[in-house]
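For reference, final22.csv (CSV, C-alpha atoms):
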chain,number,residue,atom,x,y,z
A,183,MET,CA,-30.7,-10.3,39.6
A,184,ALA,CA,-28.1,-10.0,42.3
A,185,GLU,CA,-29.4,-13.2,44.0
A,186,LYS,CA,-28.7,-15.2,40.9
A,187,PHE,CA,-25.1,-14.1,40.9
A,188,ASP,CA,-24.7,-14.6,44.6
A,189,ASN,CA,-26.0,-18.1,44.2
A,190,LEU,CA,-23.6,-18.9,41.5
A,191,GLU,CA,-20.7,-17.2,43.4
A,192,GLU,CA,-21.5,-19.3,46.4
A,193,HIS,CA,-21.5,-22.5,44.5
A,194,LEU,CA,-18.3,-21.6,42.7
A,195,GLU,CA,-16.6,-20.8,46.0
A,196,LYS,CA,-17.7,-24.1,47.5
A,197,PHE,CA,-16.5,-26.0,44.4
A,198,ILE,CA,-13.1,-24.3,44.4
A,199,GLU,CA,-12.7,-25.0,48.1
A,200,ASN,CA,-13.6,-28.6,47.5
A,201,ILE,CA,-11.0,-28.8,44.7
A,202,ARG,CA,-8.4,-27.2,46.9
A,203,GLN,CA,-9.0,-29.8,49.6
A,204,LEU,CA,-8.9,-32.5,47.0
A,205,GLY,CA,-5.6,-31.2,45.9
A,206,ILE,CA,-4.2,-31.3,49.4
A,207,ILE,CA,-5.4,-35.0,49.9
A,208,VAL,CA,-3.8,-36.0,46.6
A,209,SER,CA,-0.6,-34.1,47.1
A,210,ASP,CA,0.5,-36.5,49.9
A,211,PHE,CA,-1.8,-39.4,49.6
A,212,GLN,CA,-2.1,-41.9,52.4
A,213,PRO,CA,-4.1,-45.2,52.2
A,214,SER,CA,-6.4,-43.9,55.0
A,215,SER,CA,-7.3,-40.9,52.8
A,216,GLN,CA,-9.1,-43.0,50.2
A,217,ALA,CA,-12.6,-42.6,51.9
A,218,GLY,CA,-12.1,-38.8,52.1
A,219,LEU,CA,-11.0,-38.7,48.5
A,220,ASN,CA,-14.1,-40.6,47.3
A,221,GLN,CA,-16.3,-38.2,49.3
A,222,LYS,CA,-14.5,-35.2,47.8
A,223,LEU,CA,-15.0,-36.6,44.3
A,224,ASN,CA,-18.7,-37.0,44.8
A,225,PHE,CA,-18.8,-33.5,46.3
A,226,MET,CA,-17.2,-32.3,43.1
A,227,ILE,CA,-19.9,-33.9,41.0
A,228,SER,CA,-22.7,-32.5,43.1
A,229,GLY,CA,-20.9,-29.1,42.9
A,230,LEU,CA,-20.9,-29.3,39.1
A,231,GLN,CA,-24.6,-30.2,39.2
A,232,ASP,CA,-25.3,-27.1,41.3
A,233,ILE,CA,-23.4,-24.9,38.8
A,234,GLU,CA,-25.2,-26.5,35.9
A,235,LYS,CA,-28.5,-25.5,37.6
A,236,CYS,CA,-27.3,-21.9,37.9
A,237,ARG,CA,-26.6,-21.8,34.1
A,238,GLN,CA,-30.3,-21.9,33.4
A,239,GLN,CA,-30.9,-18.8,35.6
A,240,LEU,CA,-28.2,-16.8,33.9
A,241,HIS,CA,-29.1,-17.5,30.3
A,242,GLU,CA,-29.7,-13.9,29.3
A,243,ILE,CA,-26.4,-12.6,30.7
A,244,ASN,CA,-23.9,-11.4,28.1
A,245,VAL,CA,-20.3,-11.1,29.0
A,246,PRO,CA,-18.0,-9.1,26.6
A,247,LEU,CA,-15.3,-11.2,25.1
A,248,GLU,CA,-12.7,-8.6,26.1
A,249,VAL,CA,-13.3,-9.5,29.7
A,250,PHE,CA,-12.1,-13.0,29.0
A,251,GLU,CA,-9.0,-11.6,27.4
A,252,TYR,CA,-8.2,-9.6,30.5
A,253,ILE,CA,-8.7,-12.7,32.7
A,254,ASP,CA,-6.6,-14.8,30.4
A,255,GLN,CA,-3.8,-12.3,30.7
A,256,GLY,CA,-3.9,-12.4,34.4
A,257,ARG,CA,-5.3,-8.9,34.7
A,258,ASN,CA,-8.0,-7.6,36.9
A,259,PRO,CA,-11.3,-7.6,34.9
A,260,GLN,CA,-12.4,-4.4,36.8
A,261,LEU,CA,-9.8,-2.7,34.7
A,262,TYR,CA,-11.9,-3.4,31.7
A,263,THR,CA,-14.9,-1.8,33.4
A,264,LYS,CA,-12.8,1.2,34.3
A,265,GLU,CA,-11.4,1.6,30.8
A,266,CYS,CA,-14.9,1.2,29.3
A,267,LEU,CA,-16.3,4.0,31.6
A,268,GLU,CA,-13.4,6.3,30.8
A,269,ARG,CA,-13.7,5.7,27.1
A,270,ALA,CA,-17.5,6.3,27.3
A,271,LEU,CA,-17.0,9.6,29.1
A,272,ALA,CA,-14.3,10.8,26.8
A,273,ARG,CA,-16.4,9.9,23.7
A,274,ASN,CA,-19.4,11.6,25.4
A,275,GLU,CA,-17.4,14.7,25.9
A,276,GLN,CA,-16.1,14.7,22.4
A,277,VAL,CA,-19.6,14.4,20.9
A,278,LYS,CA,-20.9,17.1,23.3
A,279,GLY,CA,-18.1,19.3,22.1
A,280,LYS,CA,-19.1,18.7,18.5
A,281,ILE,CA,-22.7,19.3,19.1
A,282,ASP,CA,-22.0,22.5,21.0
A,283,THR,CA,-19.7,23.7,18.2
A,284,MET,CA,-22.3,22.8,15.5
A,285,THR,CA,-25.0,24.6,17.5
A,286,LYS,CA,-22.9,27.7,17.7
A,287,PHE,CA,-22.0,27.5,14.0
A,288,LYS,CA,-25.7,27.1,13.2
A,289,SER,CA,-26.8,30.1,15.1
A,290,LEU,CA,-23.9,32.2,13.7
A,291,LEU,CA,-24.7,31.0,10.2
A,292,ILE,CA,-28.4,31.8,10.5
A,293,SER,CA,-27.6,35.3,11.9
A,294,GLU,CA,-25.1,36.0,9.1
A,295,LEU,CA,-27.4,34.6,6.4
A,296,SER,CA,-30.2,36.7,7.8
A,297,LYS,CA,-28.1,39.8,7.2
A,298,VAL,CA,-27.3,38.9,3.6
A,299,PHE,CA,-30.5,37.1,2.6
A,300,PRO,CA,-33.2,38.5,4.9
A,301,GLU,CA,-36.1,37.4,2.6
A,302,ASP,CA,-34.9,33.9,2.1
A,303,MET,CA,-34.1,33.5,5.8
A,304,ALA,CA,-37.6,34.7,6.7
A,305,LYS,CA,-38.9,31.9,4.5
A,306,TYR,CA,-36.6,29.4,6.1
A,307,LYS,CA,-37.6,30.4,9.5
A,308,ALA,CA,-41.2,30.1,8.5
A,309,ILE,CA,-40.6,26.5,7.6
A,310,HIS,CA,-38.3,25.5,10.4
A,311,GLY,CA,-39.3,27.9,13.1
A,312,GLU,CA,-37.3,30.5,15.0
A,313,ASP,CA,-35.9,28.3,17.6
A,314,ALA,CA,-35.4,25.1,15.9
A,315,PRO,CA,-34.0,22.3,18.0
A,316,SER,CA,-30.3,21.9,17.8
B,87,MET,CA,-29.6,34.2,-5.5
B,88,THR,CA,-26.8,33.0,-7.7
B,89,GLU,CA,-26.0,36.6,-8.6
B,90,MET,CA,-25.8,37.5,-5.0
B,91,PHE,CA,-23.3,34.7,-4.3
B,92,SER,CA,-21.2,35.8,-7.3
B,93,THR,CA,-21.1,39.4,-6.1
B,94,LEU,CA,-20.2,38.3,-2.6
B,95,TYR,CA,-17.3,36.1,-3.7
B,96,GLY,CA,-16.2,38.3,-6.6
B,97,GLN,CA,-16.8,35.7,-9.3
B,98,ASN,CA,-18.2,36.5,-12.7
B,99,GLU,CA,-19.5,33.0,-13.3
B,100,ALA,CA,-21.0,31.1,-10.5
B,101,GLN,CA,-18.8,28.1,-10.3
B,102,ALA,CA,-19.0,25.9,-7.3
B,103,PRO,CA,-15.9,23.9,-6.2
B,104,PRO,CA,-15.9,20.4,-7.5
B,105,GLY,CA,-16.3,18.9,-4.1
B,106,ALA,CA,-19.4,21.0,-3.4
B,107,SER,CA,-21.0,20.2,-6.7
B,108,SER,CA,-20.4,16.5,-6.3
B,109,LEU,CA,-22.2,16.8,-2.9
B,110,GLY,CA,-25.2,18.3,-4.5
B,111,PHE,CA,-24.7,21.8,-3.2
B,112,GLY,CA,-23.7,23.3,-6.6
B,113,PRO,CA,-25.9,26.2,-7.8
B,114,GLY,CA,-27.5,25.0,-10.9
B,115,LYS,CA,-25.4,22.0,-11.8
B,116,PRO,CA,-27.5,19.1,-12.9
B,117,PRO,CA,-27.7,16.2,-10.6
B,118,PRO,CA,-25.9,13.0,-11.5
B,119,PRO,CA,-27.7,10.8,-14.0
B,120,LEU,CA,-30.3,8.6,-12.4
B,121,GLN,CA,-31.1,5.1,-13.1
B,122,GLN,CA,-33.7,4.4,-15.7
B,123,ASN,CA,-36.4,3.4,-13.3
B,124,GLN,CA,-35.9,6.5,-11.2
B,125,ALA,CA,-37.6,9.7,-12.4
B,126,SER,CA,-36.0,13.0,-11.5
B,127,MET,CA,-38.3,15.7,-10.3
B,128,PRO,CA,-37.4,19.3,-10.5
B,129,GLY,CA,-36.4,20.9,-7.2
B,130,GLN,CA,-36.0,17.6,-5.5
B,131,MET,CA,-32.9,16.1,-4.1
B,132,PRO,CA,-31.8,12.9,-5.9
B,133,PRO,CA,-32.1,9.9,-3.6
B,134,GLN,CA,-28.8,8.9,-1.9
B,135,LEU,CA,-27.7,5.4,-1.6
B,136,GLY,CA,-27.6,4.0,2.0
B,137,ASP,CA,-29.1,7.2,3.4
B,138,GLU,CA,-31.5,6.3,6.1
B,139,GLY,CA,-31.8,9.7,7.6
B,140,PRO,CA,-35.0,11.6,8.3
B,141,ALA,CA,-37.4,11.8,5.4
B,142,LEU,CA,-37.3,14.7,3.0
B,143,ARG,CA,-39.9,17.4,3.5
B,144,LYS,CA,-43.2,17.1,1.9
B,145,PRO,CA,-43.2,18.4,-1.7
B,146,GLY,CA,-45.6,21.2,-0.6
B,147,ALA,CA,-43.3,22.5,2.0
B,148,MET,CA,-40.3,22.4,-0.3
B,149,ASN,CA,-40.8,25.8,-1.7
B,150,GLU,CA,-38.2,27.8,-3.6
B,151,PRO,CA,-35.5,28.7,-2.9
B,152,PHE,CA,-34.9,25.7,-0.7
B,153,TYR,CA,-34.1,22.2,-1.6
B,154,LEU,CA,-32.4,19.5,0.4
B,155,LEU,CA,-34.4,20.6,3.4
B,156,ARG,CA,-34.9,17.8,5.9
B,157,GLU,CA,-36.8,17.4,9.1
B,158,LEU,CA,-34.7,18.6,12.0
B,159,PRO,CA,-33.8,16.0,14.6
B,160,VAL,CA,-36.2,15.6,17.4
B,161,GLY,CA,-35.1,17.6,20.4
B,162,ASN,CA,-35.7,15.0,23.1
B,163,GLU,CA,-33.6,12.3,21.4
B,164,LEU,CA,-30.8,11.0,23.6
B,165,THR,CA,-27.5,12.1,22.2
B,166,GLY,CA,-24.0,12.8,23.4
B,167,ASN,CA,-25.1,16.2,24.4
B,168,THR,CA,-26.3,14.7,27.7
B,169,ASN,CA,-24.0,13.1,30.3
B,170,LEU,CA,-24.8,9.5,29.6
B,171,ILE,CA,-23.1,8.3,32.7
B,172,THR,CA,-25.5,10.4,34.8
B,173,HIS,CA,-28.4,9.4,32.6
B,174,TYR,CA,-27.9,5.7,33.2
B,175,ASN,CA,-27.1,6.2,36.9
B,176,LEU,CA,-23.5,5.0,36.6
B,177,GLU,CA,-21.9,7.7,38.7
B,178,HIS,CA,-21.4,5.2,41.5
B,179,ALA,CA,-19.7,2.8,39.2
B,180,TYR,CA,-17.6,5.6,37.7
B,181,ASN,CA,-16.5,6.8,41.1
B,182,LYS,CA,-15.8,3.3,42.2
B,183,PHE,CA,-13.6,2.3,39.3
B,184,CYS,CA,-12.2,5.6,38.1
B,185,GLY,CA,-12.0,7.5,41.4
B,186,LYS,CA,-9.3,5.2,42.9
B,187,LYS,CA,-6.5,3.1,41.5
B,188,VAL,CA,-7.7,-0.4,40.5
B,189,LYS,CA,-5.1,-3.1,41.2
B,190,GLU,CA,-3.6,-4.6,38.1
B,191,LYS,CA,-3.4,-8.3,38.9
B,192,LEU,CA,-6.2,-10.9,38.8
B,193,SER,CA,-5.2,-12.2,42.2
B,194,ASN,CA,-6.2,-8.8,43.6
B,195,PHE,CA,-9.7,-9.4,42.2
B,196,LEU,CA,-9.9,-13.0,43.3
B,197,PRO,CA,-7.7,-13.1,46.5
B,198,GLU,CA,-9.2,-16.3,47.8
B,199,LEU,CA,-8.6,-18.3,44.6
B,200,PRO,CA,-5.7,-20.8,45.2
B,201,GLY,CA,-2.9,-21.3,42.7
B,202,MET,CA,-1.0,-18.9,40.5
B,203,ILE,CA,-3.7,-17.1,38.6
B,204,ASP,CA,-1.7,-14.1,37.5
B,205,CYS,CA,0.2,-16.1,34.8
B,206,PRO,CA,-1.2,-15.9,31.3
B,207,GLY,CA,-3.8,-18.7,30.7
B,208,THR,CA,-2.2,-19.6,27.4
B,209,GLN,CA,0.8,-20.9,29.3
B,210,ASP,CA,-0.9,-23.8,31.0
B,211,GLY,CA,-3.9,-24.1,28.6
B,212,SER,CA,-6.3,-22.7,31.2
B,213,SER,CA,-7.5,-19.8,29.1
B,214,LEU,CA,-11.1,-18.9,28.8
B,215,ARG,CA,-10.5,-18.3,25.2
B,216,SER,CA,-9.7,-21.9,24.6
B,217,LEU,CA,-13.1,-22.8,26.2
B,218,ILE,CA,-14.8,-20.7,23.5
B,219,ASP,CA,-12.6,-22.0,20.7
B,220,LYS,CA,-13.0,-25.6,21.7
B,221,PRO,CA,-16.2,-25.8,23.7
B,222,PRO,CA,-16.4,-28.8,26.1
B,223,VAL,CA,-18.8,-31.6,25.5
B,224,CYS,CA,-22.1,-30.6,27.2
B,225,GLY,CA,-25.5,-32.1,27.5
B,226,ASN,CA,-24.6,-35.2,29.5
B,227,SER,CA,-25.9,-35.0,33.0
B,228,PHE,CA,-23.6,-35.4,36.0
B,229,SER,CA,-24.1,-38.6,38.0
B,230,PRO,CA,-22.4,-39.5,41.2
B,231,LEU,CA,-19.7,-42.1,41.2
B,232,THR,CA,-20.7,-45.5,42.4
B,233,GLY,CA,-18.4,-47.9,44.3
B,234,ALA,CA,-17.3,-49.7,41.1
B,235,LEU,CA,-16.5,-46.4,39.4
B,236,LEU,CA,-14.6,-45.1,42.4
B,237,THR,CA,-12.1,-47.9,42.2
B,238,GLY,CA,-10.6,-46.0,39.3
B,239,PHE,CA,-9.5,-43.3,41.7
B,240,ARG,CA,-7.3,-45.5,43.9
B,241,LEU,CA,-4.1,-43.6,44.3
B,242,HIS,CA,-0.5,-44.6,45.2
B,243,THR,CA,0.6,-43.5,48.6
B,244,GLY,CA,3.3,-40.8,48.9
B,245,PRO,CA,3.8,-37.2,47.8
B,246,LEU,CA,3.0,-35.9,44.4
B,247,PRO,CA,5.9,-35.1,42.0
B,248,GLU,CA,7.1,-31.5,42.1
B,249,GLN,CA,5.7,-30.5,38.7
B,250,TYR,CA,2.1,-31.3,39.7
B,251,ARG,CA,2.1,-29.3,42.9
B,252,LEU,CA,0.4,-26.3,41.4
B,253,MET,CA,-2.1,-25.9,44.2
B,254,HIS,CA,0.6,-24.9,46.7
B,255,ILE,CA,2.0,-22.1,44.6
B,256,GLN,CA,0.6,-18.7,45.7
B,257,PRO,CA,1.5,-15.3,44.3
B,258,PRO,CA,3.9,-13.5,46.6
B,259,LYS,CA,2.1,-11.1,48.9
B,260,LYS,CA,3.5,-7.7,49.7
B,261,LYS,CA,4.8,-7.2,53.2
B,262,SER,CA,3.1,-4.4,55.1
B,263,LYS,CA,6.1,-3.9,57.4
B,264,HIS,CA,6.9,-0.4,56.3
B,265,LYS,CA,3.4,0.7,56.3
B,266,HIS,CA,2.9,-0.5,59.8
B,267,LYS,CA,5.9,1.6,60.9
B,268,HIS,CA,4.5,4.7,59.3
B,269,HIS,CA,1.1,4.2,60.9
B,270,ARG,CA,2.5,3.7,64.3
B,271,PRO,CA,2.6,7.4,65.4
B,272,GLN,CA,-1.0,7.9,64.3
B,273,ASP,CA,-2.2,4.8,66.1
B,274,PRO,CA,-4.6,6.0,68.7
B,275,LEU,CA,-4.5,2.7,70.6
B,276,PRO,CA,-1.4,3.0,72.8
B,277,GLN,CA,-2.3,4.8,75.9
B,278,GLU,CA,0.9,4.3,77.7
B,279,THR,CA,3.2,7.2,78.3
B,280,PRO,CA,6.0,7.5,75.7
B,281,SER,CA,8.7,6.7,78.3
B,282,ASP,CA,6.9,3.5,79.2
B,283,SER,CA,6.2,2.3,75.7
B,284,ASP,CA,9.4,3.2,73.9
B,285,PRO,CA,12.3,1.2,75.1
B,286,LYS,CA,14.8,3.2,73.1
B,287,LYS,CA,13.9,6.4,74.7
B,288,LYS,CA,13.9,4.8,78.1
B,289,LYS,CA,17.4,3.5,77.5
B,290,LYS,CA,18.5,6.9,76.2
B,291,LYS,CA,17.2,8.6,79.3
B,292,ARG,CA,19.1,6.1,81.5
B,293,ASP,CA,22.2,6.8,79.5
B,294,ASP,CA,21.8,10.5,79.9
B,295,ASP,CA,21.3,10.3,83.6
B,296,PRO,CA,25.0,10.2,84.6
B,297,ASP,CA,25.7,13.3,82.4
B,298,ARG,CA,22.8,15.1,83.9
B,299,LYS,CA,24.1,14.3,87.4
B,300,LYS,CA,27.5,15.6,86.5
B,301,LYS,CA,26.0,18.8,85.0
B,302,LYS,CA,23.9,19.2,88.1
B,303,LYS,CA,26.9,18.8,90.3
B,304,ASP,CA,28.8,21.4,88.2
B,305,LYS,CA,26.0,23.8,88.5
B,306,LYS,CA,25.8,23.3,92.2
B,307,LYS,CA,29.5,24.0,92.5
B,308,LYS,CA,29.2,27.2,90.4
B,309,LYS,CA,26.3,28.4,92.5
B,310,ASN,CA,28.2,27.7,95.7
B,311,ARG,CA,31.2,29.6,94.3
B,312,HIS,CA,29.2,32.7,93.5
B,313,SER,CA,27.2,32.5,96.7
B,314,PRO,CA,28.2,34.7,99.6
B,315,ASP,CA,28.6,31.6,101.8
B,316,HIS,CA,31.2,30.1,99.4
B,317,PRO,CA,34.6,30.2,100.8
B,318,GLY,CA,36.2,31.0,97.4
B,319,LEU,CA,34.1,34.0,96.8
B,320,ALA,CA,34.7,35.3,100.3
B,321,GLY,CA,38.4,35.0,99.7
B,322,SER,CA,38.2,37.0,96.5
B,323,GLN,CA,36.4,39.9,98.0
B,324,PRO,CA,39.2,41.3,99.9
B,325,ASN,CA,41.3,41.4,96.8
B,326,SER,CA,38.8,43.6,95.1
B,327,ASN,CA,38.7,45.8,98.1
B,328,SER,CA,42.4,46.1,98.0
B,329,LEU,CA,42.2,47.5,94.5
B,330,ARG,CA,40.1,50.3,95.7

Kindly return the structure encoded in the file as C-alpha cells.
Amino acid sequence: MAEKFDNLEEHLEKFIENIRQLGIIVSDFQPSSQAGLNQKLNFMISGLQDIEKCRQQLHEINVPLEVFEYIDQGRNPQLYTKECLERALARNEQVKGKIDTMTKFKSLLISELSKVFPEDMAKYKAIHGEDAPS
Amino acid sequence: MTEMFSTLYGQNEAQAPPGASSLGFGPGKPPPPLQQNQASMPGQMPPQLGDEGPALRKPGAMNEPFYLLRELPVGNELTGNTNLITHYNLEHAYNKFCGKKVKEKLSNFLPELPGMIDCPGTQDGSSLRSLIDKPPVCGNSFSPLTGALLTGFRLHTGPLPEQYRLMHIQPPKKKSKHKHKHHRPQDPLPQETPSDSDPKKKKKKRDDDPDRKKKKKDKKKKKNRHSPDHPGLAGSQPNSNSLR
C-alpha cells in the first residue's frame, strides 16, 4: 500500500518541480528559452500521464471530505487526523463511562431486587444466569 | 407483585407514571391498540417500530412474571468498553499527532511546495472543493505536443507582469536567530577555551588589566609598609616605644 503512495508522491513532486521550472522560464522569457519551454511542456504532459496511471492503483482509497476543507483553508491536514483521534478517544471514554455506570447500576439493581423479590430474582437468574455478560 | 410494589411505594392503587406506562413498563395497563393484521398475544411485548435489537426470548422461556425479556448482548462484541485506539493499533499515530504540537499551516506540512499555499483556496479559485463541485473533463488521454502544436506556446520576450508572478511568493519563514543564541552554551562543538572563543571576555580582561596592575602595586606598597624592612614601619616603631 505504501509503495503506491510513494509512487504517486514521487510523480507529484516531479510534476511540481517541472511546473516550478516552467514558471521560472516563463517569468523572464528569452528567445533562447523556447526549446527549454517546449521540453518542459512535454515533460508536463508525460507527468500528467504518470499521475493518471497512479489513479488506477489508488481506486479504493477514500479521503474524508473534511480533509479537503482543511487544505482549502490553508491548514495542516494532520490537524484533522489529530482532532479525529482526540474525538475518538473522548467518545471512547464517554461510552466506557456509560457502560461502567450501567454495569454498576445493573449489579446494584439485581442485588437490591434479590432482597425484595428473592423468588422472582431466582427465576430471573435461572433464565439469564448468575454472571450475565454486561 | 403489584401489591408488593404498592406497599413499597405507599400507594393504594398501583398507578404507574404516564411516561412509564407509555414505554410499556406499566403494571397491568393494556398495550396500545395494534393494527388489524397484528394479533396481540398475552404476556408478549407489542412489536416496536424500527426496533432492530436482539430478538425476544422464545415463548417457552418467557415465563411469568417476566415479559420484555431479551437476549443479553454477546460478551465478546466490540464496544466502547475497550480502548479502540489500542485495539486498532493506533497508539503510534495517537502519540505522533497528539503527543506534540502539530503546526497549523499547510506550508508546514508541504514545505517544498512553491507559492503561497497558506491562503484560502477560495481566494484564487484553487480550492479542492471546486474540483469536486465542478469536476474537470476526464477521459481524454494525454498526448505529447507535436511541433505544430508547440507553435501555440511561443512567448514574448521580457519579464512577466507583477500580478502573474505567483511562483516567486513564498511564505515568510521564521528566523531562528534567537534560538541559535539560546543553544549556544549547550553546544558541545566548541572546544576552545572560553577566553579564546569569546572576544568580549577577552576584551574585558584586557580592560581590567591596568586596574589589576594598580591593585597589585597598592598591595605591594601596603606589604612593604607593614614589613619590617619597610622604612616607614621602622620609623614608627620608635614612637610606640616612646609611649611605653

Can you list every residue of chain B that has an atom at most 8 Å from chain A, with its nearest atom pair and the distance in Å to one decimal, using only C-alpha atoms, ordered by chain then number, as CSV?
residue,atom,partner,partner_atom,distance
B:Ala147,CA,A:Ile309,CA,7.4
B:Pro151,CA,A:Asp302,CA,7.2
B:Phe152,CA,A:Tyr306,CA,7.9
B:Leu158,CA,A:Pro315,CA,7.1
B:Pro159,CA,A:Pro315,CA,7.2
B:Val160,CA,A:Pro315,CA,7.1
B:Gly161,CA,A:Pro315,CA,5.4
B:Gly166,CA,A:Asn274,CA,5.2
B:Asn167,CA,A:Lys278,CA,4.4
B:Thr168,CA,A:Lys278,CA,7.4
B:Asn169,CA,A:Asn274,CA,6.9
B:Leu170,CA,A:Asn274,CA,7.2
B:Ile171,CA,A:Leu271,CA,7.2
B:Tyr180,CA,A:Leu267,CA,6.4
B:Phe183,CA,A:Lys264,CA,5.2
B:Cys184,CA,A:Lys264,CA,5.8
B:Val188,CA,A:Leu261,CA,6.6
B:Lys189,CA,A:Asn258,CA,6.9
B:Glu190,CA,A:Asn258,CA,5.5
B:Lys191,CA,A:Arg257,CA,4.6
B:Leu192,CA,A:Asn258,CA,4.2
B:Ser193,CA,A:Asn258,CA,7.6
B:Asn194,CA,A:Asn258,CA,7.0
B:Phe195,CA,A:Asn258,CA,5.8
B:Leu199,CA,A:Ile198,CA,7.5
B:Pro200,CA,A:Arg202,CA,7.2
B:Ile203,CA,A:Gly256,CA,6.3
B:Asp204,CA,A:Gly256,CA,4.2
B:Cys205,CA,A:Gly256,CA,5.5
B:Pro206,CA,A:Gln255,CA,4.5
B:Gly207,CA,A:Asp254,CA,4.8
B:Thr208,CA,A:Asp254,CA,7.2
B:Ser212,CA,A:Asp254,CA,7.9
B:Ser213,CA,A:Asp254,CA,5.2
B:Leu214,CA,A:Phe250,CA,6.0
B:Arg215,CA,A:Phe250,CA,6.7
B:Ser227,CA,A:Gln231,CA,7.9
B:Phe228,CA,A:Gln231,CA,6.2
B:Ser229,CA,A:Ile227,CA,7.0
B:Pro230,CA,A:Asn224,CA,5.7
B:Leu231,CA,A:Asn224,CA,6.3
B:Leu236,CA,A:Asn220,CA,6.7
B:Phe239,CA,A:Asn220,CA,7.7
B:Arg240,CA,A:Gln216,CA,7.0
B:Leu241,CA,A:Phe211,CA,7.1
B:His242,CA,A:Phe211,CA,6.9
B:Thr243,CA,A:Phe211,CA,4.9
B:Gly244,CA,A:Asp210,CA,5.2
B:Pro245,CA,A:Asp210,CA,4.0
B:Leu246,CA,A:Ser209,CA,4.8
B:Arg251,CA,A:Ser209,CA,6.9
B:Met253,CA,A:Gly205,CA,6.6

Those residues with C-alpha atoms, as a compact mmCIF listing (two decimals), in the frame of the given file please?
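So the final result, stored in result03.txt, reads:
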# COMPACT_ATOMS: atom_id res chain seq x y z
CA ALA B 147 -43.30 22.50 2.00
CA PRO B 151 -35.50 28.70 -2.90
CA PHE B 152 -34.90 25.70 -0.70
CA LEU B 158 -34.70 18.60 12.00
CA PRO B 159 -33.80 16.00 14.60
CA VAL B 160 -36.20 15.60 17.40
CA GLY B 161 -35.10 17.60 20.40
CA GLY B 166 -24.00 12.80 23.40
CA ASN B 167 -25.10 16.20 24.40
CA THR B 168 -26.30 14.70 27.70
CA ASN B 169 -24.00 13.10 30.30
CA LEU B 170 -24.80 9.50 29.60
CA ILE B 171 -23.10 8.30 32.70
CA TYR B 180 -17.60 5.60 37.70
CA PHE B 183 -13.60 2.30 39.30
CA CYS B 184 -12.20 5.60 38.10
CA VAL B 188 -7.70 -0.40 40.50
CA LYS B 189 -5.10 -3.10 41.20
CA GLU B 190 -3.60 -4.60 38.10
CA LYS B 191 -3.40 -8.30 38.90
CA LEU B 192 -6.20 -10.90 38.80
CA SER B 193 -5.20 -12.20 42.20
CA ASN B 194 -6.20 -8.80 43.60
CA PHE B 195 -9.70 -9.40 42.20
CA LEU B 199 -8.60 -18.30 44.60
CA PRO B 200 -5.70 -20.80 45.20
CA ILE B 203 -3.70 -17.10 38.60
CA ASP B 204 -1.70 -14.10 37.50
CA CYS B 205 0.20 -16.10 34.80
CA PRO B 206 -1.20 -15.90 31.30
CA GLY B 207 -3.80 -18.70 30.70
CA THR B 208 -2.20 -19.60 27.40
CA SER B 212 -6.30 -22.70 31.20
CA SER B 213 -7.50 -19.80 29.10
CA LEU B 214 -11.10 -18.90 28.80
CA ARG B 215 -10.50 -18.30 25.20
CA SER B 227 -25.90 -35.00 33.00
CA PHE B 228 -23.60 -35.40 36.00
CA SER B 229 -24.10 -38.60 38.00
CA PRO B 230 -22.40 -39.50 41.20
CA LEU B 231 -19.70 -42.10 41.20
CA LEU B 236 -14.60 -45.10 42.40
CA PHE B 239 -9.50 -43.30 41.70
CA ARG B 240 -7.30 -45.50 43.90
CA LEU B 241 -4.10 -43.60 44.30
CA HIS B 242 -0.50 -44.60 45.20
CA THR B 243 0.60 -43.50 48.60
CA GLY B 244 3.30 -40.80 48.90
CA PRO B 245 3.80 -37.20 47.80
CA LEU B 246 3.00 -35.90 44.40
CA ARG B 251 2.10 -29.30 42.90
CA MET B 253 -2.10 -25.90 44.20

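Among B:Leu196, B:Ala234, B:Cys224, B:Leu155, the residue with the shortest atom-to-atom distance to Glu191 of chain A, counting only C-alpha atoms, is B:Leu196.
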
Interatomic distance between atom CA of Thr165 of chain B and atom CA of Leu291 of chain A?
-> 22.6 Å

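We find atom CA of Leu194 of chain A and atom CA of Pro222 of chain B to be spaced 18.2 Å apart.
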
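Relative to atom CA of Glu157 of chain B, atom CA of Lys307 of chain A is found at 13.0 Å.
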
Would you mind listing what lies within 12 Å of His241 of chain A as a PyMOL selection string, with all atoms listed in the file counted and same-chain residues fewer than 4 positions away left out?
-> chain A and resi 183+186-187+234-237+245

Which residue gives the smallest distance to Lys196 of chain A among A:Phe287, A:Lys222, A:Ala272, A:Pro300, with only C-alpha atoms counted?
->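 For Lys196 of chain A, the nearest of the candidates is A:Lys222.
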